[in-house]
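Heads up, run15.cif below (mmCIF, C-alpha atoms):
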data_target
#
loop_
_atom_site.group_PDB
_atom_site.id
_atom_site.type_symbol
_atom_site.label_atom_id
_atom_site.label_comp_id
_atom_site.auth_asym_id
_atom_site.auth_seq_id
_atom_site.Cartn_x
_atom_site.Cartn_y
_atom_site.Cartn_z
ATOM 1 C CA MET D 55 41.364 62.120 -14.912
ATOM 2 C CA ARG D 56 45.068 62.878 -14.392
ATOM 3 C CA LYS D 57 44.257 66.549 -13.816
ATOM 4 C CA TYR D 58 41.563 65.528 -11.365
ATOM 5 C CA LEU D 59 43.987 63.378 -9.364
ATOM 6 C CA LEU D 60 46.512 66.203 -9.275
ATOM 7 C CA GLU D 61 43.786 68.511 -8.010
ATOM 8 C CA MET D 62 43.033 66.039 -5.233
ATOM 9 C CA LEU D 63 46.715 65.962 -4.259
ATOM 10 C CA LYS D 64 46.740 69.751 -4.059
ATOM 11 C CA ARG D 65 43.861 69.547 -1.588
ATOM 12 C CA LYS D 66 45.585 67.159 0.837
ATOM 13 C CA ASP D 67 45.572 69.878 3.511
ATOM 14 C CA LEU D 68 41.799 70.082 3.182
ATOM 15 C CA LEU D 69 41.599 66.305 3.542
ATOM 16 C CA LEU D 70 43.583 66.440 6.784
ATOM 17 C CA TYR D 71 41.376 69.253 8.055
ATOM 18 C CA LEU D 72 38.196 67.313 7.258
ATOM 19 C CA VAL D 73 39.516 64.235 9.053
ATOM 20 C CA LYS D 74 40.520 66.226 12.147
ATOM 21 C CA SER D 75 37.238 68.131 12.275
ATOM 22 C CA GLY D 76 35.307 64.899 11.798
ATOM 23 C CA LEU D 77 37.101 63.288 14.725
ATOM 24 C CA LYS D 78 36.449 66.299 16.953
ATOM 25 C CA ALA D 79 32.798 66.593 15.937
ATOM 26 C CA GLU D 80 31.928 63.011 16.912
ATOM 27 C CA ASN D 81 32.440 63.598 20.631
ATOM 28 C CA ARG D 82 32.324 67.380 20.819
ATOM 29 C CA ASN D 83 29.443 67.610 23.307
ATOM 30 C CA SER D 84 30.139 64.491 25.377
ATOM 31 C CA TYR D 85 31.630 64.458 28.869
ATOM 32 C CA LEU D 86 33.893 61.476 28.210
ATOM 33 C CA GLY D 87 35.161 62.853 24.907
ATOM 34 C CA TYR D 88 37.551 60.600 23.031
ATOM 35 C CA PHE D 89 37.209 57.883 25.692
ATOM 36 C CA TRP D 90 34.008 56.905 23.844
ATOM 37 C CA TRP D 91 36.199 55.492 21.071
ATOM 38 C CA LEU D 92 37.204 52.790 23.552
ATOM 39 C CA LEU D 93 33.993 52.605 25.561
ATOM 40 C CA ASP D 94 31.577 52.247 22.643
ATOM 41 C CA PRO D 95 32.955 48.959 21.234
ATOM 42 C CA LEU D 96 33.378 47.646 24.790
ATOM 43 C CA LEU D 97 29.700 48.304 25.617
ATOM 44 C CA ASN D 98 28.635 46.625 22.368
ATOM 45 C CA VAL D 99 30.574 43.526 23.340
ATOM 46 C CA LEU D 100 28.997 43.428 26.808
ATOM 47 C CA VAL D 101 25.466 43.744 25.389
ATOM 48 C CA TYR D 102 25.842 40.967 22.816
ATOM 49 C CA TYR D 103 27.785 38.743 25.208
ATOM 50 C CA PHE D 104 24.935 39.035 27.716
ATOM 51 C CA LEU D 105 22.388 38.259 24.994
ATOM 52 C CA VAL D 106 24.162 35.267 23.431
ATOM 53 C CA VAL D 107 25.935 33.668 26.399
ATOM 54 C CA ILE D 108 23.745 34.545 29.388
ATOM 55 C CA ILE D 109 20.272 34.632 27.800
ATOM 56 C CA LEU D 110 20.589 32.185 24.885
ATOM 57 C CA GLU D 111 23.308 30.051 26.509
ATOM 58 C CA ARG D 112 25.280 29.893 23.270
ATOM 59 C CA GLY D 113 28.841 30.747 22.351
ATOM 60 C CA GLY D 114 31.934 28.581 22.332
ATOM 61 C CA GLU D 115 35.426 28.799 23.768
ATOM 62 C CA ASN D 116 36.872 32.321 23.916
ATOM 63 C CA TYR D 117 33.585 33.617 22.563
ATOM 64 C CA ALA D 118 34.207 37.068 24.084
ATOM 65 C CA VAL D 119 37.320 37.489 21.923
ATOM 66 C CA TYR D 120 35.469 36.098 18.899
ATOM 67 C CA LEU D 121 32.709 38.628 19.544
ATOM 68 C CA VAL D 122 34.896 41.689 20.110
ATOM 69 C CA ILE D 123 36.804 41.137 16.853
ATOM 70 C CA GLY D 124 33.579 40.802 14.873
ATOM 71 C CA LEU D 125 31.932 43.853 16.460
ATOM 72 C CA VAL D 126 34.968 46.132 16.121
ATOM 73 C CA VAL D 127 35.390 45.245 12.445
ATOM 74 C CA TRP D 128 31.662 45.622 11.840
ATOM 75 C CA ARG D 129 31.580 49.001 13.592
ATOM 76 C CA TRP D 130 34.094 50.388 11.099
ATOM 77 C CA MET D 131 32.068 49.070 8.180
ATOM 78 C CA ASN D 132 28.707 50.225 9.483
ATOM 79 C CA THR D 133 29.741 53.757 10.484
ATOM 80 C CA THR D 134 31.630 54.321 7.235
ATOM 81 C CA VAL D 135 28.718 53.227 5.054
ATOM 82 C CA THR D 136 26.065 55.196 6.956
ATOM 83 C CA THR D 137 28.101 58.411 7.202
ATOM 84 C CA SER D 138 29.385 58.304 3.624
ATOM 85 C CA ALA D 139 25.820 58.644 2.322
ATOM 86 C CA LYS D 140 25.849 62.251 3.585
ATOM 87 C CA ALA D 141 29.527 62.917 2.940
ATOM 88 C CA ILE D 142 28.915 65.339 0.068
ATOM 89 C CA ARG D 143 25.493 66.708 1.040
ATOM 90 C CA LYS D 144 26.643 67.926 4.466
ATOM 91 C CA TYR D 145 29.166 70.234 2.778
ATOM 92 C CA GLY D 146 26.726 71.563 0.202
ATOM 93 C CA SER D 147 27.166 75.209 1.219
ATOM 94 C CA ILE D 148 30.942 75.017 0.726
ATOM 95 C CA ILE D 149 30.722 73.099 -2.537
ATOM 96 C CA ASN D 150 28.432 75.719 -4.078
ATOM 97 C CA GLN D 151 30.903 78.503 -3.317
ATOM 98 C CA VAL D 152 34.339 77.029 -4.013
ATOM 99 C CA TYR D 153 35.503 74.396 -6.476
ATOM 100 C CA LEU D 154 36.706 71.285 -4.692
ATOM 101 C CA PRO D 155 37.124 67.709 -5.927
ATOM 102 C CA LYS D 156 33.933 66.155 -4.560
ATOM 103 C CA SER D 157 35.523 62.727 -4.092
ATOM 104 C CA ILE D 158 37.635 64.176 -1.293
ATOM 105 C CA PHE D 159 34.609 64.188 1.045
ATOM 106 C CA PRO D 160 33.894 60.417 1.038
ATOM 107 C CA LEU D 161 37.662 59.891 1.246
ATOM 108 C CA ALA D 162 37.729 62.024 4.403
ATOM 109 C CA THR D 163 34.790 60.112 5.889
ATOM 110 C CA THR D 164 36.500 56.765 5.318
ATOM 111 C CA SER D 165 39.779 58.035 6.785
ATOM 112 C CA THR D 166 38.009 59.397 9.872
ATOM 113 C CA GLN D 167 36.436 56.047 10.625
ATOM 114 C CA LEU D 168 39.811 54.355 10.125
ATOM 115 C CA PHE D 169 41.097 56.287 13.158
ATOM 116 C CA ASN D 170 38.095 55.111 15.171
ATOM 117 C CA PHE D 171 38.851 51.543 14.127
ATOM 118 C CA ALA D 172 42.420 51.919 15.400
ATOM 119 C CA PHE D 173 41.036 52.597 18.884
ATOM 120 C CA GLY D 174 38.788 49.560 18.507
ATOM 121 C CA LEU D 175 41.893 47.447 17.924
ATOM 122 C CA ILE D 176 43.110 48.557 21.353
ATOM 123 C CA VAL D 177 39.975 46.971 22.840
ATOM 124 C CA VAL D 178 40.686 43.804 20.836
ATOM 125 C CA ALA D 179 44.251 43.721 22.180
ATOM 126 C CA ILE D 180 42.965 44.062 25.752
ATOM 127 C CA PHE D 181 40.633 41.080 25.289
ATOM 128 C CA LEU D 182 43.417 38.995 23.732
ATOM 129 C CA VAL D 183 45.632 39.626 26.768
ATOM 130 C CA ILE D 184 42.832 38.952 29.274
ATOM 131 C CA PHE D 185 42.012 35.578 27.685
ATOM 132 C CA GLY D 186 45.658 34.633 27.207
ATOM 133 C CA ILE D 187 45.556 34.570 23.419
ATOM 134 C CA PHE D 188 48.781 35.734 21.801
ATOM 135 C CA PRO D 189 48.938 35.997 18.001
ATOM 136 C CA SER D 190 51.808 34.252 16.232
ATOM 137 C CA TRP D 191 53.777 35.490 13.214
ATOM 138 C CA HIS D 192 50.520 35.438 11.227
ATOM 139 C CA ILE D 193 49.790 38.887 12.665
ATOM 140 C CA VAL D 194 52.057 40.302 9.929
ATOM 141 C CA TYR D 195 49.034 39.874 7.630
ATOM 142 C CA LEU D 196 46.953 42.263 9.748
ATOM 143 C CA PRO D 197 47.926 45.422 7.769
ATOM 144 C CA VAL D 198 46.969 43.604 4.547
ATOM 145 C CA ILE D 199 43.488 42.843 5.883
ATOM 146 C CA VAL D 200 43.080 46.432 7.099
ATOM 147 C CA LEU D 201 44.144 47.725 3.671
ATOM 148 C CA VAL D 202 41.672 45.457 1.864
ATOM 149 C CA GLN D 203 38.861 46.585 4.145
ATOM 150 C CA LEU D 204 39.879 50.217 3.634
ATOM 151 C CA VAL D 205 39.758 50.038 -0.180
ATOM 152 C CA LEU D 206 36.432 48.173 -0.022
ATOM 153 C CA LEU D 207 34.905 50.865 2.188
ATOM 154 C CA LEU D 208 36.355 53.654 0.052
ATOM 155 C CA ALA D 209 34.774 52.147 -3.063
ATOM 156 C CA ILE D 210 31.415 51.922 -1.285
ATOM 157 C CA ALA D 211 31.766 55.452 0.134
ATOM 158 C CA LEU D 212 32.516 56.993 -3.272
ATOM 159 C CA PHE D 213 29.481 55.299 -4.775
ATOM 160 C CA LEU D 214 27.059 56.123 -1.958
ATOM 161 C CA ALA D 215 28.212 59.720 -1.535
ATOM 162 C CA TYR D 216 27.542 60.401 -5.217
ATOM 163 C CA ILE D 217 24.275 58.549 -5.700
ATOM 164 C CA CYS D 218 22.739 59.843 -2.448
ATOM 165 C CA VAL D 219 23.046 63.388 -3.762
ATOM 166 C CA PHE D 220 20.452 62.490 -6.383
ATOM 167 C CA ILE D 221 18.493 59.626 -4.800
ATOM 168 C CA ARG D 222 18.171 60.545 -1.151
ATOM 169 C CA ASP D 223 15.784 57.698 -0.375
ATOM 170 C CA ILE D 224 18.780 55.349 -0.392
ATOM 171 C CA ASP D 225 19.955 57.019 2.794
ATOM 172 C CA ASN D 226 16.721 55.939 4.503
ATOM 173 C CA ILE D 227 17.093 52.252 3.668
ATOM 174 C CA LEU D 228 20.824 51.924 4.328
ATOM 175 C CA SER D 229 20.297 51.013 7.980
ATOM 176 C CA HIS D 230 18.047 48.121 6.920
ATOM 177 C CA ILE D 231 20.554 46.911 4.315
ATOM 178 C CA MET D 232 23.351 47.032 6.877
ATOM 179 C CA ARG D 233 21.230 45.135 9.389
ATOM 180 C CA LEU D 234 20.748 42.414 6.770
ATOM 181 C CA PHE D 235 24.517 42.143 6.264
ATOM 182 C CA PHE D 236 25.023 42.091 10.040
ATOM 183 C CA TYR D 237 22.866 38.994 10.489
ATOM 184 C CA ALA D 238 24.116 37.384 7.255
ATOM 185 C CA SER D 239 27.713 37.565 8.517
ATOM 186 C CA PRO D 240 29.444 35.767 11.398
ATOM 187 C CA ILE D 241 29.605 38.845 13.625
ATOM 188 C CA ILE D 242 27.859 37.479 16.717
ATOM 189 C CA TRP D 243 27.332 33.876 15.595
ATOM 190 C CA GLU D 244 29.845 31.294 14.457
ATOM 191 C CA GLY D 245 29.766 30.374 10.776
ATOM 192 C CA SER D 246 29.848 26.663 11.518
ATOM 193 C CA ARG D 247 26.489 26.930 13.275
ATOM 194 C CA LEU D 248 24.643 27.832 10.081
ATOM 195 C CA PRO D 249 22.755 25.057 8.279
ATOM 196 C CA GLU D 250 24.866 23.618 5.463
ATOM 197 C CA LYS D 251 22.531 24.926 2.797
ATOM 198 C CA TYR D 252 23.413 28.495 3.878
ATOM 199 C CA ASP D 253 27.200 28.054 3.861
ATOM 200 C CA TRP D 254 27.372 29.772 0.478
ATOM 201 C CA VAL D 255 26.177 33.016 2.121
ATOM 202 C CA VAL D 256 29.374 33.170 4.154
ATOM 203 C CA ALA D 257 31.534 31.988 1.257
ATOM 204 C CA ILE D 258 30.607 34.916 -1.034
ATOM 205 C CA ASN D 259 29.957 37.549 1.630
ATOM 206 C CA PRO D 260 32.844 40.088 1.658
ATOM 207 C CA VAL D 261 31.999 41.096 5.224
ATOM 208 C CA ALA D 262 32.293 37.474 6.361
ATOM 209 C CA ILE D 263 35.573 36.981 4.485
ATOM 210 C CA ILE D 264 37.144 40.051 6.084
ATOM 211 C CA VAL D 265 35.874 39.317 9.605
ATOM 212 C CA ASP D 266 37.020 35.685 9.432
ATOM 213 C CA SER D 267 40.427 36.823 8.176
ATOM 214 C CA TYR D 268 40.884 39.063 11.219
ATOM 215 C CA ARG D 269 39.988 36.174 13.504
ATOM 216 C CA SER D 270 42.343 33.822 11.676
ATOM 217 C CA VAL D 271 45.418 35.979 12.284
ATOM 218 C CA LEU D 272 44.466 37.285 15.744
ATOM 219 C CA MET D 273 42.797 34.258 17.372
ATOM 220 C CA TYR D 274 43.594 31.070 15.523
ATOM 221 C CA ASN D 275 47.175 31.703 14.292
ATOM 222 C CA GLN D 276 46.176 30.811 10.747
ATOM 223 C CA ASN D 277 46.555 32.401 7.336
ATOM 224 C CA PRO D 278 43.728 34.724 6.260
ATOM 225 C CA ALA D 279 41.493 33.958 3.283
ATOM 226 C CA PHE D 280 44.035 35.103 0.677
ATOM 227 C CA LEU D 281 41.880 34.345 -2.357
ATOM 228 C CA GLY D 282 38.823 36.117 -0.963
ATOM 229 C CA LEU D 283 40.876 39.134 0.136
ATOM 230 C CA PHE D 284 42.564 39.287 -3.280
ATOM 231 C CA VAL D 285 39.223 39.283 -5.108
ATOM 232 C CA ILE D 286 37.786 41.939 -2.766
ATOM 233 C CA GLY D 287 40.910 44.105 -3.036
ATOM 234 C CA VAL D 288 41.227 43.979 -6.826
ATOM 235 C CA THR D 289 37.501 44.523 -7.373
ATOM 236 C CA SER D 290 37.501 47.473 -4.959
ATOM 237 C CA ILE D 291 40.525 49.119 -6.619
ATOM 238 C CA ILE D 292 38.867 48.820 -10.030
ATOM 239 C CA CYS D 293 35.675 50.339 -8.603
ATOM 240 C CA ILE D 294 37.628 53.198 -6.982
ATOM 241 C CA ALA D 295 39.371 54.013 -10.271
ATOM 242 C CA ALA D 296 36.039 53.888 -12.128
ATOM 243 C CA MET D 297 34.315 56.091 -9.541
ATOM 244 C CA ILE D 298 37.090 58.703 -9.539
ATOM 245 C CA TYR D 299 36.897 58.832 -13.335
ATOM 246 C CA PHE D 300 33.127 59.156 -13.056
ATOM 247 C CA TYR D 301 33.494 61.980 -10.524
ATOM 248 C CA SER D 302 35.903 63.838 -12.803
ATOM 249 C CA LYS D 303 33.364 63.769 -15.631
ATOM 250 C CA ASN D 304 30.150 64.405 -13.689
ATOM 251 C CA GLU D 305 30.948 66.734 -10.789
ATOM 252 C CA HIS D 306 28.983 69.569 -12.391
ATOM 253 C CA LYS D 307 25.828 67.496 -11.881
ATOM 254 C CA ILE D 308 26.486 67.415 -8.122
ATOM 255 C CA ILE D 309 26.575 71.209 -7.951
ATOM 256 C CA LYS D 310 23.255 71.440 -9.787
ATOM 257 C CA ALA D 311 21.635 68.835 -7.538
ATOM 258 C CA LEU D 312 22.786 70.550 -4.339
#
Show this structure as structure tokens.
Amino acid sequence: MRKYLLEMLKRKDLLLYLVKSGLKAENRNSYLGYFWWLLDPLLNVLVYYFLVVIILERGGENYAVYLVIGLVVWRWMNTTVTTSAKAIRKYGSIINQVYLPKSIFPLATTSTQLFNFAFGLIVVAIFLVIFGIFPSWHIVYLPVIVLVQLVLLLAIALFLAYICVFIRDIDNILSHIMRLFFYASPIIWEGSRLPEKYDWVVAINPVAIIVDSYRSVLMYNQNPAFLGLFVIGVTSIICIAAMIYFYSKNEHKIIKAL
């Protein structure tokens, strides 16, 4: 495994290239180009705000800010999970010609979406200013929450990228699984509005823990859910280490499958 990690470090230039090319490819044929990184989360907020507030007449105080934080965080999760399923398969022609550590491809996918998330935070900042909400010193915990979410998504990406090489049907049901998590998490609805018997769904849901932690430090000037973030972070790091070890021992199977 040590040799495998050293090989990954040697390929850091390839990682940077994959991230840059991934960022360029997303908006290559669009007129607005990189402006979509700001416009896309903004349009999502407008759609759901119209649905919840105007049509359903729901939503509490500063609901627009509540909504934009949830949707921006969810967008990073959703795009990373759905794109990581094809992270290795899309580079099949290169993999069959040159030896490369295969785990570098899901790592590049996760890093690419991290840049997109950074632009989403700009939209969040705009909404905070418009509604007169100014985070207190608790915002120092923001990098910790981002890091926990990053390691969680990397663990998921490594797993999905590998297994989808062999079981491609998983790719077809991912959108349905993600939709289930979307409605089981307080992205567009407030957790307190769930019936009490369903409170446990939010309590053990890593998506809910991470989203609520962002809102705590950005909106409510409170500490994030330290215990939940700690459990998610430690579990994710263990899974990443296990998956990298698994990659180092089974990469030859990927070549055969491709």
| field | Residue nearest Thr133 of chain D - candidates D:Leu207, D:Ile264, D:Ile217, D:Leu154, atoms counted: all atoms listed in the file | value | D:Leu207
| task | Between D:Val99, D:Leu161, D:Leu70, D:Val106, single out the one closest to Ala139 of chain D, counting all atoms listed in the file. | result |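 Selected residue with least distance to Ala139 of chain D: D:Leu161.
With distances taken from (29.9, 57.4, 2.3) and restricted to only C-alpha atoms, the residues inside 10 Å are Thr133, Thr134, Val135, Thr136, Thr137, Ser138, Ala139, Lys140, Ala141, Ile142, Phe159, Pro160, Leu161, Ala162, Thr163, Thr164, Leu207, Leu208, Ala209, Ile210, Ala211, Leu212, Phe213, Leu214, Ala215, Tyr216, Ile217, Cys218 and Asp225 of chain D.
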| note | atom CA of Ser270 of chain D sits from atom CA of Ile294 of chain D at a separation of 27.3 Å
| message | Using Å and a single decimal, report how far atom CA of Lys310 of chain D sits from atom CA of Asn150 of chain D. | response | 8.8 Å
| task | Could you check which of D:Tyr195, D:Phe300, D:Trp254, D:Phe173 is closest to Leu283 of chain D, using only C-alpha atoms? | result |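 Nearest to Leu283 of chain D: D:Tyr195.
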| task | State, in Å with one decimal place, the distance from atom CA of Ile286 of chain D to atom CA of Val202 of chain D. | result |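 Computing it gives 7.0 Å between the two atoms.
Each of D:Gly76, D:Pro278, D:Gly113, D:Pro240 was compared to Leu125 of chain D using only C-alpha atoms, and D:Pro240 turns out to be the nearest.
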| Residue nearest Leu201 of chain D among D:Tyr301, D:Leu168, D:Asp67, D:Val271 (counting only C-alpha atoms) | D:Leu168
| said: Every residue with an atom at most 7 Å from (26.6, 37.4, 4.9) (file coordinates; all atoms listed in the file) is what I'm after, so could you write them as a PyMOL selection string? | reply: chain D and resi 235+237-239+255-256+259+261-262
| field | Pick from D:Asn275, D:Ser157, D:Ser147, D:Asn304 nearest to Leu196 of chain D, counting only C-alpha atoms | value | D:Asn275
| query | Which residues come within 12 Å of Leu68 of chain D, counting only C-alpha atoms, excluding same-chain residues fewer than 2 positions away, as a PyMOL selection string? | reply | chain D and resi 61-66+70-76+154-156+158-159+161-162
| message | With all atoms listed in the file as the counted atoms, please give the residues lying no more than 7 Å from segment 279-281 of chain D, apart from itself and same-chain residues fewer than 4 positions off, as a list in words. | response |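 Contacts, in chain order: Ile263, Ser267 and Val285 of chain D.
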Kindly list the centre and edge lengths in Å, rounded to one decimal, for the axis-aligned box that covers all listed atoms of segment 266-270 of chain D plus 5 Å on each of its six sides, as lines of an AutoDock Vina configuration file.
center_x = 39.7
center_y = 36.4
center_z = 10.8
size_x = 15.3
size_y = 15.2
size_z = 15.3
Wanna dump the segment 154-233 of chain D-segment 92-98 of chain D contacts at 10 Å for me, each residue with its shortest atom pair and the distance in Å to one decimal, counting all atoms listed in the file, ordered by chain and number, as JSON lines?
{"residue": "D:Asn170", "atom": "CA", "partner": "D:Leu92", "partner_atom": "CA", "distance": 8.7}
{"residue": "D:Phe171", "atom": "CA", "partner": "D:Pro95", "partner_atom": "CA", "distance": 9.6}
{"residue": "D:Ala172", "atom": "CA", "partner": "D:Leu92", "partner_atom": "CA", "distance": 9.7}
{"residue": "D:Phe173", "atom": "CA", "partner": "D:Leu92", "partner_atom": "CA", "distance": 6.0}
{"residue": "D:Gly174", "atom": "CA", "partner": "D:Leu92", "partner_atom": "CA", "distance": 6.2}
{"residue": "D:Leu175", "atom": "CA", "partner": "D:Leu92", "partner_atom": "CA", "distance": 9.1}
{"residue": "D:Ile176", "atom": "CA", "partner": "D:Leu92", "partner_atom": "CA", "distance": 7.6}
{"residue": "D:Val177", "atom": "CA", "partner": "D:Leu92", "partner_atom": "CA", "distance": 6.5}
{"residue": "D:Val178", "atom": "CA", "partner": "D:Leu96", "partner_atom": "CA", "distance": 9.2}
{"residue": "D:Phe181", "atom": "CA", "partner": "D:Leu96", "partner_atom": "CA", "distance": 9.8}
| request: Mind checking which residues fall within 10 Å of Ile309 of chain D, counting only C-alpha atoms, ignoring those fewer than 6 positions away in the same chain, and posting them as a VMD selection string? | output: chain D and resid 146 149 to 151 153 156 219
Residues from last step as file, C-alpha atoms, as a PDB file, in the frame of the given file:
ATOM      1  CA  GLY D 146      26.726  71.563   0.202  1.00  0.00           C
ATOM      2  CA  ILE D 149      30.722  73.099  -2.537  1.00  0.00           C
ATOM      3  CA  ASN D 150      28.432  75.719  -4.078  1.00  0.00           C
ATOM      4  CA  GLN D 151      30.903  78.503  -3.317  1.00  0.00           C
ATOM      5  CA  TYR D 153      35.503  74.396  -6.476  1.00  0.00           C
ATOM      6  CA  LYS D 156      33.933  66.155  -4.560  1.00  0.00           C
ATOM      7  CA  VAL D 219      23.046  63.388  -3.762  1.00  0.00           C
TER       8      VAL D 219
END
As a CSV table (one decimal), keeping the file's coordinate frame, could you write out segment 276-300 of chain D once it has been completed with N, CA and C atoms?
chain,number,residue,atom,x,y,z
D,276,GLN,N,46.3,31.4,12.1
D,276,GLN,CA,46.2,30.8,10.7
D,276,GLN,C,46.3,31.9,9.7
D,277,ASN,N,46.5,31.5,8.4
D,277,ASN,CA,46.6,32.4,7.3
D,277,ASN,C,45.2,32.9,7.1
D,278,PRO,N,45.1,34.2,6.6
D,278,PRO,CA,43.7,34.7,6.3
D,278,PRO,C,43.3,34.1,4.9
D,279,ALA,N,42.0,34.5,4.6
D,279,ALA,CA,41.5,34.0,3.3
D,279,ALA,C,42.1,34.8,2.1
D,280,PHE,N,43.3,34.3,1.7
D,280,PHE,CA,44.0,35.1,0.7
D,280,PHE,C,43.2,35.3,-0.6
D,281,LEU,N,42.6,34.2,-1.1
D,281,LEU,CA,41.9,34.3,-2.4
D,281,LEU,C,40.7,35.3,-2.2
D,282,GLY,N,39.9,35.2,-1.2
D,282,GLY,CA,38.8,36.1,-1.0
D,282,GLY,C,39.3,37.6,-0.8
D,283,LEU,N,40.3,37.8,0.0
D,283,LEU,CA,40.9,39.1,0.1
D,283,LEU,C,41.4,39.7,-1.2
D,284,PHE,N,42.0,38.8,-2.0
D,284,PHE,CA,42.6,39.3,-3.3
D,284,PHE,C,41.4,39.7,-4.2
D,285,VAL,N,40.4,38.9,-4.3
D,285,VAL,CA,39.2,39.3,-5.1
D,285,VAL,C,38.6,40.6,-4.6
D,286,ILE,N,38.4,40.7,-3.3
D,286,ILE,CA,37.8,41.9,-2.8
D,286,ILE,C,38.7,43.1,-3.1
D,287,GLY,N,40.0,43.0,-2.8
D,287,GLY,CA,40.9,44.1,-3.0
D,287,GLY,C,41.0,44.6,-4.5
D,288,VAL,N,41.1,43.6,-5.4
D,288,VAL,CA,41.2,44.0,-6.8
D,288,VAL,C,39.9,44.6,-7.3
D,289,THR,N,38.8,44.0,-7.0
D,289,THR,CA,37.5,44.5,-7.4
D,289,THR,C,37.3,45.9,-6.8
D,290,SER,N,37.7,46.2,-5.6
D,290,SER,CA,37.5,47.5,-5.0
D,290,SER,C,38.4,48.5,-5.6
D,291,ILE,N,39.6,48.2,-6.0
D,291,ILE,CA,40.5,49.1,-6.6
D,291,ILE,C,40.0,49.5,-8.0
D,292,ILE,N,39.5,48.5,-8.7
D,292,ILE,CA,38.9,48.8,-10.0
D,292,ILE,C,37.7,49.8,-9.9
D,293,CYS,N,36.8,49.5,-8.9
D,293,CYS,CA,35.7,50.3,-8.6
D,293,CYS,C,36.1,51.7,-8.2
D,294,ILE,N,37.1,51.9,-7.4
D,294,ILE,CA,37.6,53.2,-7.0
D,294,ILE,C,38.1,54.0,-8.2
D,295,ALA,N,38.9,53.3,-9.1
D,295,ALA,CA,39.4,54.0,-10.3
D,295,ALA,C,38.2,54.4,-11.2
D,296,ALA,N,37.2,53.6,-11.3
D,296,ALA,CA,36.0,53.9,-12.1
D,296,ALA,C,35.2,55.0,-11.5
D,297,MET,N,35.1,55.0,-10.2
D,297,MET,CA,34.3,56.1,-9.5
D,297,MET,C,35.0,57.4,-9.6
D,298,ILE,N,36.3,57.4,-9.4
D,298,ILE,CA,37.1,58.7,-9.5
D,298,ILE,C,37.0,59.3,-11.0
D,299,TYR,N,37.1,58.4,-12.0
D,299,TYR,CA,36.9,58.8,-13.3
D,299,TYR,C,35.5,59.4,-13.5
D,300,PHE,N,34.5,58.7,-12.9
D,300,PHE,CA,33.1,59.2,-13.1
D,300,PHE,C,32.9,60.5,-12.4
